[in-house]
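Enquirer: Structure file structure09.cif (mmCIF, C-alpha atoms and all ligand atoms) is given on the next line.
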data_run
#
loop_
_atom_site.label_atom_id
_atom_site.label_comp_id
_atom_site.auth_asym_id
_atom_site.auth_seq_id
_atom_site.Cartn_x
_atom_site.Cartn_y
_atom_site.Cartn_z
CA MET A 1427 97.09 -31.42 73.64
CA ARG A 1428 93.54 -30.93 72.27
CA ASN A 1429 91.78 -34.08 71.18
CA THR A 1430 88.28 -33.18 70.16
CA VAL A 1431 87.98 -35.35 67.04
CA LEU A 1432 90.51 -38.15 67.00
CA LYS A 1433 91.47 -41.02 69.30
CA LEU A 1434 95.18 -41.08 70.15
CA THR A 1435 96.99 -44.17 71.49
CA PRO A 1436 100.70 -43.65 72.27
CA LEU A 1437 103.00 -46.55 71.36
CA SER A 1438 105.77 -45.82 73.87
CA ALA A 1439 106.88 -43.29 76.48
CA ASN A 1440 108.27 -40.72 74.04
CA THR A 1441 107.82 -41.84 70.46
CA GLY A 1442 104.90 -42.61 68.17
CA VAL A 1443 101.12 -42.41 68.49
CA GLU A 1444 98.40 -44.30 66.68
CA ILE A 1445 95.49 -42.13 65.54
CA ALA A 1446 91.99 -43.49 64.92
CA GLY A 1447 88.90 -41.71 63.68
CA VAL A 1448 90.09 -40.30 60.38
CA ASP A 1449 89.68 -41.40 56.76
CA LEU A 1450 92.64 -40.09 54.77
CA ALA A 1451 90.83 -40.64 51.46
CA ASN A 1452 88.85 -37.47 52.30
CA PRO A 1453 90.18 -33.95 52.87
CA LEU A 1454 90.99 -33.34 56.54
CA SER A 1455 88.96 -30.79 58.48
CA PRO A 1456 91.09 -27.92 59.84
CA GLU A 1457 90.51 -29.32 63.38
CA ALA A 1458 91.66 -32.82 62.44
CA ALA A 1459 94.70 -31.47 60.57
CA GLN A 1460 95.66 -29.39 63.61
CA GLU A 1461 95.26 -32.35 65.98
CA ILE A 1462 97.47 -34.51 63.77
CA ARG A 1463 100.07 -31.72 63.63
CA ASP A 1464 99.96 -31.39 67.45
CA ALA A 1465 100.38 -35.16 67.79
CA LEU A 1466 103.34 -35.11 65.38
CA ASN A 1467 104.95 -32.30 67.38
CA THR A 1468 104.56 -34.30 70.60
CA TRP A 1469 105.27 -37.87 69.50
CA GLY A 1470 107.45 -37.40 66.39
CA ALA A 1471 105.55 -40.04 64.40
CA VAL A 1472 101.83 -40.66 63.80
CA PHE A 1473 100.29 -43.89 62.55
CA PHE A 1474 96.95 -44.67 60.89
CA ARG A 1475 95.33 -48.05 60.21
CA ASP A 1476 92.94 -49.38 57.57
CA GLN A 1477 93.38 -46.60 55.04
CA ASP A 1478 92.53 -47.14 51.37
CA ILE A 1479 94.14 -44.28 49.48
CA THR A 1480 95.53 -43.51 46.04
CA PRO A 1481 98.96 -41.90 45.51
CA ASP A 1482 97.18 -38.58 44.83
CA GLN A 1483 95.31 -38.86 48.15
CA GLN A 1484 98.61 -39.61 49.91
CA VAL A 1485 100.02 -36.40 48.43
CA ALA A 1486 96.87 -34.46 49.44
CA PHE A 1487 97.31 -35.66 53.05
CA ALA A 1488 100.99 -34.72 53.02
CA ARG A 1489 100.16 -31.20 51.75
CA HIS A 1490 98.48 -30.40 55.08
CA PHE A 1491 101.99 -30.25 56.59
CA GLY A 1492 104.02 -28.43 53.93
CA THR A 1493 105.07 -28.54 50.29
CA VAL A 1494 105.33 -32.02 48.83
CA GLU A 1495 108.72 -32.53 47.22
CA LYS A 1496 109.04 -32.99 43.47
CA ARG A 1497 112.34 -34.82 43.46
CA THR A 1498 115.27 -33.03 41.86
CA HIS A 1499 118.24 -34.95 43.30
CA PRO A 1500 119.54 -38.46 42.41
CA SER A 1501 117.80 -41.19 44.41
CA SER A 1502 117.63 -44.98 44.61
CA MET A 1503 113.78 -44.96 44.36
CA SER A 1504 111.60 -44.78 41.25
CA PRO A 1505 108.46 -42.60 41.10
CA VAL A 1506 104.86 -43.85 40.90
CA GLU A 1507 103.52 -43.45 37.36
CA GLY A 1508 101.30 -40.37 37.16
CA THR A 1509 102.22 -39.13 40.67
CA PRO A 1510 105.93 -38.32 40.59
CA GLU A 1511 105.83 -36.92 44.14
CA VAL A 1512 105.39 -40.50 45.41
CA SER A 1513 108.40 -42.83 45.32
CA ILE A 1514 108.30 -46.61 45.43
CA ILE A 1515 110.35 -48.44 48.05
CA HIS A 1516 110.28 -51.99 46.76
CA ARG A 1517 112.24 -55.02 47.82
CA GLU A 1518 112.26 -58.31 45.94
CA PRO A 1519 112.68 -61.62 47.82
CA THR A 1520 116.19 -61.90 46.37
CA ASP A 1521 117.32 -58.30 47.13
CA GLY A 1522 120.26 -58.29 49.52
CA ARG A 1523 119.90 -54.65 50.44
CA ASN A 1524 117.14 -53.21 52.59
CA THR A 1525 116.34 -49.52 52.01
CA GLY A 1526 116.55 -47.62 55.29
CA GLY A 1527 117.75 -50.64 57.30
CA PHE A 1528 119.71 -48.57 59.82
CA TRP A 1529 118.95 -45.63 62.13
CA HIS A 1530 118.77 -42.49 60.00
CA THR A 1531 116.81 -39.40 59.06
CA ASP A 1532 115.78 -38.88 55.45
CA GLN A 1533 118.11 -36.79 53.29
CA CYS A 1534 120.23 -35.35 56.13
CA PHE A 1535 123.01 -35.08 53.51
CA LEU A 1536 121.09 -32.29 51.69
CA PRO A 1537 121.27 -28.63 52.80
CA ASP A 1538 117.46 -28.52 53.26
CA PRO A 1539 116.24 -31.95 54.41
CA PRO A 1540 112.48 -32.57 54.33
CA LEU A 1541 110.47 -31.81 57.47
CA GLY A 1542 108.72 -35.14 57.23
CA SER A 1543 107.90 -38.28 55.28
CA VAL A 1544 104.62 -40.10 54.64
CA LEU A 1545 104.88 -43.87 54.09
CA TYR A 1546 101.97 -46.06 52.99
CA ALA A 1547 102.01 -49.87 52.95
CA LYS A 1548 101.18 -51.28 49.49
CA SER A 1549 102.21 -54.90 49.95
CA LEU A 1550 103.77 -56.53 52.98
CA PRO A 1551 105.64 -59.71 53.87
CA THR A 1552 103.67 -62.33 55.82
CA ARG A 1553 105.76 -61.47 58.90
CA GLY A 1554 108.42 -58.88 59.78
CA GLY A 1555 109.20 -55.63 57.95
CA ASP A 1556 108.36 -53.36 60.92
CA THR A 1557 109.81 -49.85 61.18
CA MET A 1558 111.26 -48.40 64.40
CA PHE A 1559 111.24 -44.72 65.35
CA CYS A 1560 113.31 -42.98 68.01
CA HIS A 1561 112.63 -39.46 69.38
CA MET A 1562 115.80 -37.34 69.31
CA GLY A 1563 114.19 -34.62 71.45
CA ALA A 1564 113.80 -37.10 74.30
CA ALA A 1565 117.34 -38.34 73.60
CA CYS A 1566 118.69 -34.79 73.80
CA ALA A 1567 116.88 -34.04 77.06
CA GLU A 1568 118.50 -37.12 78.66
CA LEU A 1569 122.04 -35.80 78.12
CA SER A 1570 123.81 -33.88 80.86
CA GLU A 1571 123.71 -30.08 80.68
CA GLY A 1572 127.51 -30.13 80.21
CA MET A 1573 127.26 -32.42 77.17
CA ARG A 1574 124.40 -30.40 75.67
CA ALA A 1575 126.35 -27.15 76.15
CA MET A 1576 129.32 -28.63 74.29
CA LEU A 1577 127.17 -30.07 71.48
CA ARG A 1578 125.30 -26.76 70.96
CA GLY A 1579 128.60 -25.31 69.71
CA LEU A 1580 129.13 -28.07 67.13
CA LYS A 1581 128.01 -28.76 63.58
CA ALA A 1582 128.19 -32.18 61.93
CA VAL A 1583 128.93 -33.18 58.35
CA HIS A 1584 126.47 -35.70 56.84
CA VAL A 1585 127.63 -37.74 53.82
CA ARG A 1586 125.27 -39.67 51.48
CA LEU A 1587 128.01 -41.97 50.21
CA ASN A 1588 128.66 -43.40 53.70
CA TYR A 1589 125.74 -45.77 53.07
CA HIS A 1590 127.85 -47.47 50.37
CA GLY A 1591 131.44 -46.89 51.42
CA ILE A 1592 133.54 -44.98 53.90
CA GLY A 1593 136.85 -43.33 53.08
CA GLY A 1594 136.88 -45.00 49.65
CA LYS A 1595 136.34 -48.51 51.15
CA PRO A 1596 133.13 -50.35 50.15
CA GLN A 1597 130.80 -51.27 53.05
CA TRP A 1598 127.90 -53.69 53.58
CA GLY A 1599 128.44 -55.94 50.56
CA VAL A 1600 128.95 -53.12 48.04
CA THR A 1601 131.51 -54.06 45.37
CA PRO A 1602 134.35 -51.70 44.38
CA ASP A 1603 132.65 -51.18 40.98
CA GLU A 1604 129.35 -50.31 42.65
CA LEU A 1605 131.13 -47.90 44.97
CA GLU A 1606 132.66 -46.17 41.95
CA PHE A 1607 129.17 -45.83 40.43
CA PHE A 1608 127.64 -44.50 43.68
CA THR A 1609 130.55 -42.11 44.17
CA MET A 1610 129.67 -40.43 40.86
CA LYS A 1611 125.90 -40.64 41.40
CA TYR A 1612 125.92 -39.09 44.86
CA ALA A 1613 128.81 -36.65 44.40
CA GLY A 1614 128.09 -33.45 46.29
CA GLN A 1615 125.40 -34.96 48.57
CA VAL A 1616 127.18 -33.67 51.69
CA ALA A 1617 125.65 -31.17 54.12
CA THR A 1618 126.54 -29.60 57.45
CA HIS A 1619 123.89 -29.13 60.18
CA PRO A 1620 124.01 -28.07 63.85
CA VAL A 1621 124.34 -31.07 66.20
CA ILE A 1622 121.58 -29.65 68.40
CA GLY A 1623 118.76 -27.69 66.76
CA ARG A 1624 115.54 -26.22 68.10
CA HIS A 1625 112.32 -27.65 66.66
CA PRO A 1626 110.50 -24.80 64.87
CA GLU A 1627 107.05 -25.84 66.19
CA SER A 1628 107.53 -27.59 69.55
CA GLY A 1629 110.52 -25.46 70.60
CA GLN A 1630 112.20 -28.66 71.87
CA GLU A 1631 115.95 -29.15 71.48
CA ILE A 1632 116.74 -32.01 69.07
CA LEU A 1633 119.92 -34.06 68.81
CA TYR A 1634 120.54 -34.26 65.04
CA VAL A 1635 123.03 -37.10 64.45
CA ASN A 1636 122.71 -40.62 63.09
CA PRO A 1637 125.16 -43.54 63.03
CA ILE A 1638 125.95 -43.83 59.31
CA TYR A 1639 125.39 -40.58 57.43
CA THR A 1640 126.88 -38.41 60.23
CA ASP A 1641 130.52 -38.56 59.25
CA ARG A 1642 132.28 -36.09 61.57
CA PHE A 1643 131.98 -32.85 63.48
CA GLU A 1644 132.91 -29.79 61.47
CA GLY A 1645 136.58 -28.98 62.10
CA TRP A 1646 137.24 -32.44 63.66
CA THR A 1647 138.62 -35.56 61.94
CA ARG A 1648 136.36 -38.57 61.41
CA GLU A 1649 138.57 -40.56 63.79
CA GLU A 1650 138.12 -37.94 66.53
CA SER A 1651 134.39 -37.57 65.88
CA GLN A 1652 133.16 -41.15 65.53
CA PRO A 1653 133.48 -42.30 69.17
CA LEU A 1654 131.25 -39.44 70.35
CA ILE A 1655 128.81 -39.75 67.40
CA GLN A 1656 128.42 -43.50 68.03
CA TYR A 1657 128.02 -42.94 71.79
CA LEU A 1658 125.25 -40.39 71.19
CA CYS A 1659 123.47 -42.65 68.70
CA GLU A 1660 123.70 -45.76 70.88
CA ARG A 1661 122.43 -43.87 73.90
CA ALA A 1662 119.60 -42.27 71.91
CA THR A 1663 118.38 -45.53 70.36
CA ARG A 1664 118.08 -47.53 73.58
CA PRO A 1665 114.88 -49.65 73.55
CA GLU A 1666 113.35 -47.38 76.22
CA ASN A 1667 113.45 -44.52 73.71
CA TYR A 1668 111.94 -46.04 70.58
CA CYS A 1669 108.69 -47.47 69.30
CA ARG A 1670 108.17 -50.20 66.74
CA PHE A 1671 105.37 -49.95 64.20
CA ASP A 1672 103.97 -53.23 62.86
CA TRP A 1673 102.67 -52.56 59.38
CA LYS A 1674 99.33 -54.07 58.30
CA PRO A 1675 97.59 -53.68 54.93
CA GLY A 1676 96.29 -50.09 54.80
CA SER A 1677 98.72 -48.71 57.42
CA LEU A 1678 100.17 -45.24 56.91
CA ALA A 1679 102.91 -43.52 58.92
CA MET A 1680 104.02 -39.94 58.94
CA TRP A 1681 107.13 -38.94 60.82
CA ASP A 1682 108.78 -35.65 61.65
CA ASN A 1683 112.19 -35.97 60.06
CA ARG A 1684 113.50 -33.18 62.29
CA ALA A 1685 112.58 -35.03 65.47
CA VAL A 1686 112.96 -38.80 64.96
CA LEU A 1687 115.37 -41.34 63.57
CA HIS A 1688 113.83 -44.36 61.87
CA TYR A 1689 114.99 -47.88 60.99
CA ALA A 1690 113.36 -50.36 58.55
CA LEU A 1691 113.89 -53.90 59.90
CA ASP A 1692 115.50 -56.51 57.67
CA ASP A 1693 113.74 -59.65 58.94
CA TYR A 1694 111.64 -60.96 56.05
CA ALA A 1695 114.17 -62.83 53.91
CA GLY A 1696 112.64 -64.48 50.85
CA GLU A 1697 109.58 -62.21 50.78
CA SER A 1698 108.83 -58.88 49.11
CA ARG A 1699 107.63 -55.56 50.52
CA THR A 1700 106.37 -52.46 48.67
CA MET A 1701 105.79 -49.03 50.20
CA HIS A 1702 104.85 -45.63 48.76
CA ARG A 1703 106.70 -42.66 50.20
CA CYS A 1704 106.43 -38.92 49.72
CA VAL A 1705 108.38 -36.25 51.54
CA VAL A 1706 107.24 -32.87 52.82
CA LEU A 1707 109.34 -29.71 52.75
CA GLY A 1708 109.04 -26.92 55.31
CA PRO A 1709 110.74 -25.08 58.17
CA TRP A 1710 113.91 -26.74 59.36
CA LEU A 1711 115.51 -26.91 62.84
CA GLN A 1712 116.48 -23.48 64.21
CA PRO A 1713 119.76 -22.64 65.99
CA ALA A 1714 119.61 -24.01 69.55
CA ALA A 1715 121.22 -21.11 71.40
C1 LIG A 1801 112.75 -45.23 54.87
O1 LIG A 1801 113.83 -45.32 55.46
O2 LIG A 1801 112.32 -44.15 54.49
C2 LIG A 1801 111.94 -46.50 54.65
C3 LIG A 1801 111.29 -47.00 55.88
C4 LIG A 1801 110.55 -48.30 55.65
O3 LIG A 1801 110.49 -48.79 54.52
O4 LIG A 1801 110.00 -48.84 56.61
#
Show me, as structure tokens, the structure contained in the file I just sent.
Ligand code: SIN
Expert:
Amino acid sequence: MRNTVLKLTPLSANTGVEIAGVDLANPLSPEAAQEIRDALNTWGAVFFRDQDITPDQQVAFARHFGTVEKRTHPSSMSPVEGTPEVSIIHREPTDGRNTGGFWHTDQCFLPDPPLGSVLYAKSLPTRGGDTMFCHMGAACAELSEGMRAMLRGLKAVHVRLNYHGIGGKPQWGVTPDELEFFTMKYAGQVATHPVIGRHPESGQEILYVNPIYTDRFEGWTREESQPLIQYLCERATRPENYCRFDWKPGSLAMWDNRAVLHYALDDYAGESRTMHRCVVLGPWLQPAA
């Protein structure tokens, strides 16, 4: 990897790199943009410290990587006033539910999920609230050739509603009335994607499953599918395979939604946390074969 401008510090063996030497309030030079793209292709997630940016500057940064989504589908997040491309992820001290508090990729239940997400810390708890990232290219490479060959022939069905209830049964503290509401709100947010895809830039094979939204393999029952889906997810998310990013004021993360799972930790009870997120659209995973 070229590194003529920026200083890169990897956070773990396979996932995540911290990048110093760039001020995201200013337009990126073509060299810096290319180095960040290279780092994203290698490490799946890039992290910046001490940034002081507006929502418009966050969107300008994200545009270096693709088209920034103007949201058209129902979502749990509200937009920033004046910059509708940026959504607010806010949690009050009394909120029971933690957005993204499980291993997942963003919007896998849509036919064209975003290529990446950009998350900027606006206000943080005094402790906790880290986010973990896990590289699914590394996870795929660790599987046996026999398992990979079998998985290359499979597609999986990803279901938005699984976050609230499975098979009509409420999960994780959701009430039956809430489940009825979410069932209407998220009707149709179901998509099928290959279980192994090829990354359009790095060429790496990626295991594209996650433990909640991935409901079943196409043509299999949920009961048949779940043991293998859970095995793959547990194996992929071993501590050896993930990094943990400790947010500080001014921290910004961008992750490749095709290559990593992420998980927002729920360990700051009684405090609030506010993040600004925008998502970037672009080329999706290619067929593996
Ligand atoms: C998300 O899942 O997109 C949110 C991650 C976070 O808030 O750390």
Enquirer: Which chains and residue numbers are within 9 Å of ligand LIG 1801 (chain A), counting only C-alpha atoms and all ligand atoms, if I want them as number ranges by chain?
Expert: A: 1515-1516, 1524-1532, 1543-1545, 1547, 1555-1558, 1671, 1673, 1688-1691, 1699-1703
Enquirer: When you draw a straight line from CA of Asp1682 (chain A) to CA of Phe1473 (chain A), how long is it in Å?
Expert: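 These atoms are spaced 11.9 Å apart.
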Enquirer: Could you name the residues that touch region 1619-1623 of chain A at 6 Å or less, counting only C-alpha atoms, but leaving out those on the same chain fewer than 6 positions away, as a ChimeraX atom specification?
Expert: /A:1578,1580-1582,1631-1634,1711-1714
Enquirer: So how many Å separate CA of Asn1636 (chain A) and CA of Ala1662 (chain A), to one decimal?
Expert: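 Those two atoms sit 9.5 Å apart.
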Enquirer: Could you check which residues have any atom within 8 Å of (102.0, -39.2, 67.6), counting only C-alpha atoms with coordinates taken straight from the file, and then list them as a PDB file with C-alpha atoms, in the coordinates of the input?
Expert:
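As a result, out_26.pdb now contains:
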ATOM      1  CA  LEU A1434      95.180 -41.080  70.150  1.00  0.00           C
ATOM      2  CA  PRO A1436     100.700 -43.650  72.270  1.00  0.00           C
ATOM      3  CA  THR A1441     107.820 -41.840  70.460  1.00  0.00           C
ATOM      4  CA  GLY A1442     104.900 -42.610  68.170  1.00  0.00           C
ATOM      5  CA  VAL A1443     101.120 -42.410  68.490  1.00  0.00           C
ATOM      6  CA  GLU A1444      98.400 -44.300  66.680  1.00  0.00           C
ATOM      7  CA  ILE A1445      95.490 -42.130  65.540  1.00  0.00           C
ATOM      8  CA  ILE A1462      97.470 -34.510  63.770  1.00  0.00           C
ATOM      9  CA  ALA A1465     100.380 -35.160  67.790  1.00  0.00           C
ATOM     10  CA  LEU A1466     103.340 -35.110  65.380  1.00  0.00           C
ATOM     11  CA  ASN A1467     104.950 -32.300  67.380  1.00  0.00           C
ATOM     12  CA  THR A1468     104.560 -34.300  70.600  1.00  0.00           C
ATOM     13  CA  TRP A1469     105.270 -37.870  69.500  1.00  0.00           C
ATOM     14  CA  GLY A1470     107.450 -37.400  66.390  1.00  0.00           C
ATOM     15  CA  ALA A1471     105.550 -40.040  64.400  1.00  0.00           C
ATOM     16  CA  VAL A1472     101.830 -40.660  63.800  1.00  0.00           C
ATOM     17  CA  PHE A1473     100.290 -43.890  62.550  1.00  0.00           C
TER      18      PHE A1473
END
Enquirer: Between A:Gly1676, A:Glu1697, A:Ala1685, A:Val1583, single out the one closest to Trp1646 (chain A), counting only C-alpha atoms.
Expert: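 Closest candidate: A:Val1583.
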Enquirer: What is the CA of Val1431 (chain A)-CA of Ala1679 (chain A) distance in Å, reported with one decimal?
Expert: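 CA of Val1431 (chain A) sits 18.9 Å away from CA of Ala1679 (chain A).
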Enquirer: Near Gly1645 (chain A), counting all atoms listed in the file, which residues have an atom at most 12 Å away, once you skip same-chain residues fewer than 2 positions from it, shown as an MDAnalysis selection string?
Expert: chainID A and resid 1579:1583 1618 1641:1643 1647:1651
Enquirer: Choose the residue, out of A:Thr1520, A:Thr1601, A:Gln1630, A:Thr1493, that has the smallest atom-to-atom separation from Pro1540 (chain A); count all atoms listed in the file.
Expert: A:Thr1493
